[in-house]
file work-v4.pdb (PDB, C-alpha atoms and all ligand atoms)
ATOM      1  CA  MET C 367      16.334 -16.871  12.905
ATOM      2  CA  GLN C 368      17.404 -16.878   9.262
ATOM      3  CA  GLU C 369      15.801 -15.553   6.074
ATOM      4  CA  LEU C 370      15.604 -18.360   3.489
ATOM      5  CA  THR C 371      15.189 -18.729  -0.255
ATOM      6  CA  TYR C 372      13.872 -21.849  -1.922
ATOM      7  CA  PHE C 373      14.028 -22.447  -5.672
ATOM      8  CA  ASN C 374      12.639 -25.433  -7.603
ATOM      9  CA  GLY C 375      12.776 -27.814  -4.688
ATOM     10  CA  GLU C 376      15.880 -26.764  -2.793
ATOM     11  CA  PHE C 377      17.156 -24.096  -0.479
ATOM     12  CA  VAL C 378      19.636 -21.732  -2.139
ATOM     13  CA  GLU C 379      22.081 -19.199  -0.724
ATOM     14  CA  PRO C 380      20.955 -15.546  -0.667
ATOM     15  CA  GLY C 381      21.939 -13.992  -3.995
ATOM     16  CA  ALA C 382      22.562 -17.396  -5.644
ATOM     17  CA  LYS C 383      22.472 -17.254  -9.458
ATOM     18  CA  VAL C 384      19.843 -19.891 -10.099
ATOM     19  CA  ILE C 385      17.426 -18.192 -12.511
ATOM     20  CA  SER C 386      18.068 -18.789 -16.205
ATOM     21  CA  ILE C 387      18.347 -15.686 -18.376
ATOM     22  CA  ASP C 388      15.795 -17.429 -20.621
ATOM     23  CA  ASP C 389      13.250 -17.648 -17.798
ATOM     24  CA  ARG C 390      10.052 -16.056 -19.130
ATOM     25  CA  GLY C 391       9.492 -14.481 -15.736
ATOM     26  CA  TYR C 392      12.771 -12.622 -16.194
ATOM     27  CA  LEU C 393      12.283 -11.835 -19.898
ATOM     28  CA  PHE C 394       8.594 -10.948 -19.988
ATOM     29  CA  GLY C 395       7.306 -10.705 -16.422
ATOM     30  CA  ASP C 396       5.492 -13.916 -17.439
ATOM     31  CA  SER C 397       4.814 -15.161 -13.916
ATOM     32  CA  VAL C 398       2.352 -15.013 -11.060
ATOM     33  CA  TYR C 399       3.009 -14.351  -7.398
ATOM     34  CA  GLU C 400       1.590 -14.174  -3.888
ATOM     35  CA  VAL C 401       2.683 -12.585  -0.620
ATOM     36  CA  VAL C 402       1.450 -14.220   2.597
ATOM     37  CA  ARG C 403       1.803 -12.707   6.071
ATOM     38  CA  VAL C 404       3.415 -14.834   8.777
ATOM     39  CA  VAL C 405       1.951 -13.964  12.175
ATOM     40  CA  LYS C 406       3.194 -15.652  15.324
ATOM     41  CA  GLY C 407       4.856 -18.330  13.211
ATOM     42  CA  ARG C 408       1.693 -19.135  11.200
ATOM     43  CA  CYS C 409       0.512 -18.158   7.745
ATOM     44  CA  PHE C 410      -2.516 -15.879   7.834
ATOM     45  CA  ALA C 411      -5.345 -16.699   5.391
ATOM     46  CA  LEU C 412      -3.129 -19.039   3.379
ATOM     47  CA  SER C 413      -6.038 -20.851   1.726
ATOM     48  CA  TYR C 414      -7.339 -17.532   0.344
ATOM     49  CA  HIS C 415      -3.909 -16.781  -1.134
ATOM     50  CA  GLN C 416      -3.802 -20.280  -2.620
ATOM     51  CA  ASP C 417      -7.219 -19.861  -4.217
ATOM     52  CA  ARG C 418      -6.069 -16.578  -5.777
ATOM     53  CA  LEU C 419      -2.781 -18.122  -6.943
ATOM     54  CA  TYR C 420      -4.579 -21.022  -8.656
ATOM     55  CA  ARG C 421      -6.990 -18.595 -10.292
ATOM     56  CA  SER C 422      -4.086 -16.456 -11.566
ATOM     57  CA  MET C 423      -2.447 -19.604 -12.972
ATOM     58  CA  ARG C 424      -5.664 -20.696 -14.697
ATOM     59  CA  GLU C 425      -6.137 -17.241 -16.222
ATOM     60  CA  MET C 426      -2.501 -17.213 -17.381
ATOM     61  CA  ASP C 427      -2.677 -20.802 -18.678
ATOM     62  CA  ILE C 428       0.239 -21.866 -16.459
ATOM     63  CA  PRO C 429      -0.119 -25.560 -15.514
ATOM     64  CA  VAL C 430      -0.547 -26.281 -11.820
ATOM     65  CA  LYS C 431       1.929 -28.887 -10.569
ATOM     66  CA  MET C 432       1.332 -28.589  -6.837
ATOM     67  CA  THR C 433      -1.652 -29.405  -4.682
ATOM     68  CA  PRO C 434      -2.773 -26.937  -1.992
ATOM     69  CA  ASP C 435      -1.437 -29.429   0.579
ATOM     70  CA  ASP C 436       2.027 -29.448  -1.086
ATOM     71  CA  LEU C 437       2.047 -25.648  -1.047
ATOM     72  CA  THR C 438       0.885 -25.475   2.559
ATOM     73  CA  GLU C 439       3.639 -27.884   3.554
ATOM     74  CA  LEU C 440       6.277 -25.758   1.810
ATOM     75  CA  HIS C 441       5.080 -22.649   3.629
ATOM     76  CA  GLU C 442       5.262 -24.533   6.918
ATOM     77  CA  ILE C 443       8.775 -25.821   6.153
ATOM     78  CA  LEU C 444       9.985 -22.292   5.386
ATOM     79  CA  ILE C 445       8.576 -21.008   8.676
ATOM     80  CA  GLU C 446       9.958 -23.931  10.661
ATOM     81  CA  GLN C 447      13.461 -23.862   9.152
ATOM     82  CA  SER C 448      13.802 -20.073   9.269
ATOM     83  CA  GLU C 449      12.296 -19.798  12.762
ATOM     84  CA  ILE C 450      10.742 -16.527  11.599
ATOM     85  CA  LYS C 451       7.661 -15.641  13.644
ATOM     86  CA  GLU C 452       6.745 -12.240  12.161
ATOM     87  CA  GLY C 453       7.374 -11.858   8.462
ATOM     88  CA  TYR C 454       6.095 -12.762   5.049
ATOM     89  CA  ILE C 455       6.520 -15.438   2.407
ATOM     90  CA  TYR C 456       6.915 -14.435  -1.242
ATOM     91  CA  LEU C 457       6.020 -17.068  -3.829
ATOM     92  CA  GLN C 458       6.528 -16.703  -7.571
ATOM     93  CA  ILE C 459       5.804 -19.180 -10.340
ATOM     94  CA  SER C 460       7.075 -18.353 -13.809
ATOM     95  CA  ARG C 461       5.820 -20.027 -16.977
ATOM     96  CA  GLY C 462       9.208 -21.625 -17.556
ATOM     97  CA  VAL C 463      12.457 -21.394 -19.507
ATOM     98  CA  ALA C 464      12.639 -21.233 -23.322
ATOM     99  CA  PRO C 465      14.536 -19.276 -26.002
ATOM    100  CA  ARG C 466      12.990 -15.819 -26.213
ATOM    101  CA  HIS C 467       9.823 -15.820 -28.277
ATOM    102  CA  HIS C 468       6.603 -14.076 -27.281
ATOM    103  CA  ALA C 469       4.272 -17.021 -27.895
ATOM    104  CA  TYR C 470       4.655 -19.986 -25.566
ATOM    105  CA  ASP C 471       4.278 -23.721 -26.091
ATOM    106  CA  ARG C 472       2.761 -25.067 -22.904
ATOM    107  CA  SER C 473       3.890 -28.631 -23.641
ATOM    108  CA  LYS C 474       7.585 -27.611 -23.690
ATOM    109  CA  LEU C 475       7.638 -25.538 -20.507
ATOM    110  CA  GLU C 476       8.271 -26.461 -16.896
ATOM    111  CA  PRO C 477       7.050 -23.792 -14.426
ATOM    112  CA  GLN C 478       9.788 -22.473 -12.129
ATOM    113  CA  MET C 479       8.988 -21.814  -8.490
ATOM    114  CA  LEU C 480      10.703 -19.403  -6.155
ATOM    115  CA  MET C 481       9.804 -18.911  -2.495
ATOM    116  CA  SER C 482      11.439 -16.753   0.122
ATOM    117  CA  ILE C 483      10.709 -15.945   3.731
ATOM    118  CA  ARG C 484      11.632 -12.543   5.136
ATOM    119  CA  THR C 485      11.261 -10.865   8.498
ATOM    120  CA  LEU C 486       9.008  -7.850   8.994
ATOM    121  CA  ASP C 487       9.815  -4.858  11.148
ATOM    122  CA  LEU C 488       6.679  -4.702  13.309
ATOM    123  CA  ASP C 489       7.528  -1.193  14.514
ATOM    124  CA  GLU C 490       7.284  -0.021  10.918
ATOM    125  CA  VAL C 491       4.007  -1.881  10.415
ATOM    126  CA  ASN C 492       2.599  -0.400  13.634
ATOM    127  CA  LYS C 493       3.666   3.078  12.588
ATOM    128  CA  LEU C 494       1.411   2.792   9.521
ATOM    129  CA  GLY C 495      -1.511   2.949  11.960
ATOM    130  CA  GLU C 496      -0.675   6.627  12.522
ATOM    131  CA  GLY C 497      -1.699   7.342   8.937
ATOM    132  CA  VAL C 498       0.001   7.929   5.610
ATOM    133  CA  LYS C 499       0.042  10.444   2.798
ATOM    134  CA  ALA C 500      -1.218   9.429  -0.662
ATOM    135  CA  ILE C 501      -1.173  11.071  -4.053
ATOM    136  CA  ALA C 502      -3.710  10.612  -6.849
ATOM    137  CA  LEU C 503      -2.476   9.263 -10.195
ATOM    138  CA  PRO C 504      -4.079   7.909 -13.367
ATOM    139  CA  ASP C 505      -4.481   4.126 -13.472
ATOM    140  CA  GLU C 506      -2.494   3.194 -16.585
ATOM    141  CA  ARG C 507      -2.622  -0.575 -16.202
ATOM    142  CA  TRP C 508      -4.091  -3.196 -18.537
ATOM    143  CA  GLU C 509      -7.645  -4.544 -18.308
ATOM    144  CA  HIS C 510      -6.847  -7.673 -16.250
ATOM    145  CA  VAL C 511      -5.255  -6.427 -13.055
ATOM    146  CA  ASP C 512      -7.339  -9.028 -11.201
ATOM    147  CA  ILE C 513      -4.633 -11.514 -12.251
ATOM    148  CA  LYS C 514      -1.687 -11.229  -9.873
ATOM    149  CA  THR C 515       1.202 -11.217 -12.346
ATOM    150  CA  THR C 516       4.711  -9.884 -11.779
ATOM    151  CA  ASN C 517       4.240  -7.643 -14.815
ATOM    152  CA  LEU C 518       3.894  -4.558 -12.648
ATOM    153  CA  ILE C 519       5.409  -1.714 -14.675
ATOM    154  CA  PRO C 520       2.577   0.836 -14.202
ATOM    155  CA  ASN C 521       2.443   0.010 -10.460
ATOM    156  CA  ILE C 522       6.212   0.455 -10.175
ATOM    157  CA  LEU C 523       6.140   3.821 -11.958
ATOM    158  CA  ALA C 524       3.194   5.039  -9.858
ATOM    159  CA  GLN C 525       4.814   3.888  -6.611
ATOM    160  CA  THR C 526       8.065   5.620  -7.515
ATOM    161  CA  LYS C 527       6.233   8.873  -8.363
ATOM    162  CA  ALA C 528       4.462   8.654  -5.007
ATOM    163  CA  GLU C 529       7.635   8.047  -3.021
ATOM    164  CA  LYS C 530       9.388  10.921  -4.796
ATOM    165  CA  LYS C 531       6.619  13.100  -3.378
ATOM    166  CA  PHE C 532       7.158  11.577   0.090
ATOM    167  CA  ALA C 533       3.831   9.752  -0.122
ATOM    168  CA  TYR C 534       3.296   6.172   1.074
ATOM    169  CA  THR C 535       1.678   5.197  -2.210
ATOM    170  CA  ALA C 536      -0.719   6.381  -4.923
ATOM    171  CA  ILE C 537      -4.494   6.125  -5.288
ATOM    172  CA  LEU C 538      -5.245   5.224  -8.905
ATOM    173  CA  PHE C 539      -8.114   6.616 -10.994
ATOM    174  CA  ARG C 540      -9.294   4.961 -14.219
ATOM    175  CA  ASP C 541     -11.603   7.169 -16.319
ATOM    176  CA  GLY C 542     -12.254   9.223 -13.200
ATOM    177  CA  ILE C 543     -13.130   6.178 -11.063
ATOM    178  CA  CYS C 544     -11.051   5.305  -7.983
ATOM    179  CA  THR C 545      -9.888   1.743  -8.563
ATOM    180  CA  GLU C 546      -7.239   0.886  -5.942
ATOM    181  CA  GLY C 547      -3.785   1.814  -4.694
ATOM    182  CA  ALA C 548      -0.536   1.125  -6.566
ATOM    183  CA  THR C 549       0.112  -1.732  -4.098
ATOM    184  CA  SER C 550      -3.126  -1.979  -2.105
ATOM    185  CA  ASN C 551      -6.916  -1.686  -2.180
ATOM    186  CA  VAL C 552      -8.719   1.544  -1.306
ATOM    187  CA  PHE C 553     -11.747   2.075   0.941
ATOM    188  CA  ALA C 554     -13.765   5.213   1.716
ATOM    189  CA  VAL C 555     -16.055   5.819   4.695
ATOM    190  CA  LYS C 556     -19.029   8.155   4.251
ATOM    191  CA  ASP C 557     -21.754   8.633   6.873
ATOM    192  CA  GLY C 558     -20.666   5.449   8.652
ATOM    193  CA  ILE C 559     -20.853   3.273   5.504
ATOM    194  CA  LEU C 560     -17.840   1.549   3.966
ATOM    195  CA  TYR C 561     -17.323   1.850   0.202
ATOM    196  CA  THR C 562     -14.881   0.066  -2.083
ATOM    197  CA  HIS C 563     -14.560  -0.712  -5.798
ATOM    198  CA  PRO C 564     -16.288  -3.961  -6.859
ATOM    199  CA  ALA C 565     -13.954  -6.939  -7.371
ATOM    200  CA  ASP C 566     -13.948  -6.919 -11.169
ATOM    201  CA  ASN C 567     -11.093  -6.911 -13.706
ATOM    202  CA  HIS C 568     -10.065  -3.359 -12.722
ATOM    203  CA  ILE C 569      -8.745  -4.201  -9.246
ATOM    204  CA  LEU C 570      -6.830  -6.967  -7.556
ATOM    205  CA  LYS C 571      -9.178  -8.844  -5.241
ATOM    206  CA  GLY C 572      -7.016  -8.263  -2.183
ATOM    207  CA  ILE C 573      -7.091 -10.867   0.560
ATOM    208  CA  THR C 574      -7.066  -8.128   3.200
ATOM    209  CA  ARG C 575      -9.986  -6.495   1.346
ATOM    210  CA  GLN C 576     -11.818  -9.823   1.500
ATOM    211  CA  MET C 577     -11.114 -10.128   5.228
ATOM    212  CA  ILE C 578     -12.532  -6.639   5.806
ATOM    213  CA  LEU C 579     -15.643  -7.289   3.703
ATOM    214  CA  THR C 580     -16.485 -10.811   4.836
ATOM    215  CA  ARG C 581     -15.289 -10.889   8.439
ATOM    216  CA  VAL C 582     -14.056  -7.692  10.029
ATOM    217  CA  ALA C 583     -16.678  -5.108   8.983
ATOM    218  CA  PRO C 584     -19.612  -7.506   9.560
ATOM    219  CA  SER C 585     -18.274  -8.346  13.029
ATOM    220  CA  LEU C 586     -18.376  -4.614  13.864
ATOM    221  CA  GLY C 587     -21.829  -4.167  12.319
ATOM    222  CA  ILE C 588     -20.489  -1.820   9.631
ATOM    223  CA  THR C 589     -22.445  -1.664   6.370
ATOM    224  CA  ILE C 590     -20.474  -2.225   3.170
ATOM    225  CA  ILE C 591     -21.263  -1.095  -0.347
ATOM    226  CA  GLU C 592     -19.127  -2.334  -3.244
ATOM    227  CA  LYS C 593     -19.537   0.274  -5.967
ATOM    228  CA  GLU C 594     -17.566   2.593  -8.197
ATOM    229  CA  PHE C 595     -16.891   6.111  -6.919
ATOM    230  CA  ASP C 596     -15.087   9.131  -8.318
ATOM    231  CA  ARG C 597     -12.623  11.797  -7.182
ATOM    232  CA  THR C 598     -15.380  14.043  -5.785
ATOM    233  CA  PHE C 599     -16.618  11.180  -3.598
ATOM    234  CA  VAL C 600     -13.053  10.551  -2.437
ATOM    235  CA  ASP C 601     -12.564  14.232  -1.626
ATOM    236  CA  GLU C 602     -15.814  14.324   0.328
ATOM    237  CA  ALA C 603     -15.227  11.038   2.187
ATOM    238  CA  ASP C 604     -15.109  11.165   5.995
ATOM    239  CA  GLU C 605     -12.272   8.622   6.059
ATOM    240  CA  LEU C 606     -10.016   6.850   3.573
ATOM    241  CA  PHE C 607      -7.742   3.865   3.980
ATOM    242  CA  PHE C 608      -5.646   1.305   2.126
ATOM    243  CA  THR C 609      -5.562  -2.434   2.780
ATOM    244  CA  ASP C 610      -2.784  -4.881   2.037
ATOM    245  CA  THR C 611      -1.217  -8.029   3.426
ATOM    246  CA  ILE C 612       1.794  -6.336   4.977
ATOM    247  CA  GLY C 613       0.241  -3.167   6.440
ATOM    248  CA  GLY C 614      -3.313  -4.402   7.163
ATOM    249  CA  VAL C 615      -5.640  -1.393   7.366
ATOM    250  CA  ILE C 616      -3.620   1.763   6.631
ATOM    251  CA  PRO C 617      -5.332   5.090   7.397
ATOM    252  CA  ILE C 618      -4.883   7.826   4.795
ATOM    253  CA  THR C 619      -4.469  11.197   6.501
ATOM    254  CA  LYS C 620      -3.513  13.294   3.499
ATOM    255  CA  LEU C 621      -4.402  13.097  -0.196
ATOM    256  CA  ASP C 622      -2.328  15.343  -2.444
ATOM    257  CA  ARG C 623      -2.389  18.650  -0.517
ATOM    258  CA  ASN C 624      -5.595  17.992   1.404
ATOM    259  CA  PRO C 625      -5.923  16.573   4.907
ATOM    260  CA  VAL C 626      -8.246  13.547   5.160
ATOM    261  CA  SER C 627     -10.465  13.193   8.266
ATOM    262  CA  GLY C 628      -8.863  16.267   9.779
ATOM    263  CA  GLY C 629      -5.348  14.924   9.180
ATOM    264  CA  LYS C 630      -5.815  12.084  11.680
ATOM    265  CA  PRO C 631      -6.765   8.410  11.201
ATOM    266  CA  GLY C 632     -10.545   8.053  11.129
ATOM    267  CA  ALA C 633     -12.388   6.365  13.998
ATOM    268  CA  ILE C 634     -13.970   3.614  11.869
ATOM    269  CA  THR C 635     -10.644   3.013  10.105
ATOM    270  CA  LEU C 636      -8.939   2.482  13.450
ATOM    271  CA  ARG C 637     -11.665   0.124  14.647
ATOM    272  CA  LEU C 638     -11.242  -1.936  11.475
ATOM    273  CA  ARG C 639      -7.452  -1.911  11.830
ATOM    274  CA  GLU C 640      -7.641  -3.117  15.398
ATOM    275  CA  ALA C 641     -10.229  -5.821  14.640
ATOM    276  CA  LEU C 642      -8.158  -7.086  11.690
ATOM    277  CA  GLU C 643      -5.051  -7.262  13.882
ATOM    278  CA  LYS C 644      -7.011  -9.289  16.402
ATOM    279  CA  LEU C 645      -8.207 -11.663  13.681
ATOM    280  CA  MET C 646      -4.621 -12.048  12.451
ATOM    281  CA  GLU C 647      -3.361 -12.876  15.907
ATOM    282  CA  GLU C 648      -6.101 -15.386  16.509
ATOM    283  CA  GLY C 649      -5.372 -16.830  13.075
ATOM    284  CA  LEU C 650      -7.833 -18.201  10.586
ATOM    285  CA  PRO C 651      -8.300 -21.936  10.244
ATOM    286  CA  LEU C 652      -5.767 -22.793   7.539
ATOM    287  CA  LEU C 653      -8.202 -24.505   5.224
ATOM    288  CA  THR C 654     -11.176 -22.176   5.450
ATOM    289  CA  ARG C 655     -12.196 -21.597   1.863
ATOM    290  CA  LYS C 656     -14.564 -18.991   0.451
TER     291      LYS C 656
HETATM  292  N1  LIG Q 701      -3.893  -4.163  -5.097
HETATM  293  C1  LIG Q 701      -2.636  -4.263  -5.576
HETATM  294  C2  LIG Q 701      -2.325  -3.618  -6.887
HETATM  295  C3  LIG Q 701      -1.646  -4.964  -4.855
HETATM  296  O1  LIG Q 701      -0.395  -5.058  -5.339
HETATM  297  C4  LIG Q 701      -1.994  -5.548  -3.607
HETATM  298  C5  LIG Q 701      -0.986  -6.366  -2.843
HETATM  299  N2  LIG Q 701       0.143  -5.686  -2.444
HETATM  300  C6  LIG Q 701      -3.291  -5.381  -3.132
HETATM  301  C7  LIG Q 701      -4.231  -4.709  -3.917
HETATM  302  C8  LIG Q 701      -3.713  -5.917  -1.797
HETATM  303  O2  LIG Q 701      -3.832  -7.312  -1.821
HETATM  304  P1  LIG Q 701      -3.615  -8.178  -0.524
HETATM  305  O3  LIG Q 701      -4.567  -7.664   0.503
HETATM  306  O4  LIG Q 701      -3.935  -9.561  -0.977
HETATM  307  O5  LIG Q 701      -2.197  -7.997  -0.108
END

call {"tool": "encode", "arguments": {"input": "work-v4.pdb", "output": "structure tokens"}}
result
Amino acid sequence: MQELTYFNGEFVEPGAKVISIDDRGYLFGDSVYEVVRVVKGRCFALSYHQDRLYRSMREMDIPVKMTPDDLTELHEILIEQSEIKEGYIYLQISRGVAPRHHAYDRSKLEPQMLMSIRTLDLDEVNKLGEGVKAIALPDERWEHVDIKTTNLIPNILAQTKAEKKFAYTAILFRDGICTEGATSNVFAVKDGILYTHPADNHILKGITRQMILTRVAPSLGITIIEKEFDRTFVDEADELFFTDTIGGVIPITKLDRNPVSGGKPGAITLRLREALEKLMEEGLPLLTRK
């Protein structure tokens, strides 16, 4: 088993200096990215990640040079060559390389693609099921966080503040409304109903979130309401949890100084976590599109 890095069509050594200092991804964070979970040697929900990647590229006006089939093949090659069974694949496409100037000329730029496959420590992922602490912070991001760009400064600062307080991550509030986590989506459970922020320009439309809403919760007969809610609603929720590609459903057991659901993972949260894990192990047909 070997972690691998692939850049613009070839495998490169770990730590190889292949990125130009004039790469707009490096200079401006002018790039898009995706993180896909590898489960039992297969990509989970790859077509959903591809759809989101292509949307991010369209929104960013970065030309698409690869078909979904080309991308799928590259993911499969990385898994095959690395022999990694449990891990994740990071993919980043930057707008290209040009002397530093804010405005870009699409006709003169060649997008640069980086992919890497890494192993995941499943013990650490499983431990998340025991619940995590979160802190509340203001959401200081721009108005288009639905585009998955590498320009993540507010997320980085929020995540660092959270970790300094020994929290797993932060729950962000924009104008008093709970949007999402610094690196994940947020759900609340109240009276047996699941609530989450609508997928508009104020959250990233997480793939795990989509799995919960379209497959996992319906399969358990749990009602879902996508609507905005505030700090009071969060404080009065019966259960809270994060979702993301790496951790799946992550119960929140403490928010700031207050225990959530009695300081233990909530029952519905755990049912969702378990059902998602089952779905991941069974795998989703690679080309299912929504
Ligand atoms: N929101 C943000 C800000 C994220 O960075 C992520 C991904 N880490 C998510 C939500 C969850 O998205 P996904 O389920 O696709 O990993």

call {"tool": "residues_near_ligand", "arguments": {"input": "work-v4.pdb", "ligand": "ligand LIG 701 (chain Q)", "cutoff": "7 Å", "atoms": "all atoms listed in the file", "output": "PyMOL selection string"}}
result
chain C and resi 401+521+546-551+569-575+609-612

call {"tool": "closest_residue", "arguments": {"input": "work-v4.pdb", "among": "C:Ala411, C:Val404, C:Leu444, C:Met432", "to": "Leu370 of chain C", "atoms": "all atoms listed in the file"}}
result
C:Leu444

call {"tool": "atom_distance", "arguments": {"input": "work-v4.pdb", "atom1": "atom CA of Tyr414 of chain C", "atom2": "atom CA of Gly375 of chain C"}}
result
23.1 Å

call {"tool": "atom_distance", "arguments": {"input": "work-v4.pdb", "atom1": "atom CA of Ser413 of chain C", "atom2": "atom CA of Glu452 of chain C"}}
result
18.6 Å

call {"tool": "atom_distance", "arguments": {"input": "work-v4.pdb", "atom1": "atom CA of Arg403 of chain C", "atom2": "atom CA of Leu480 of chain C"}}
result
16.5 Å

call {"tool": "resolve_selection", "arguments": {"input": "work-v4.pdb", "expression": "the PyMOL selection byres (((chain C and resi 539) around 10) and not hetatm)", "output": "PyMOL selection string"}}
result
chain C and resi 502-506+536-538+540-547+595-597

call {"tool": "resolve_selection", "arguments": {"input": "work-v4.pdb", "expression": "the PyMOL selection byres (((chain C and resi 386-395) around 9) and not hetatm)", "output": "PyMOL selection string"}}
result
chain C and resi 383-385+396-398+458-466+468+478+515-518
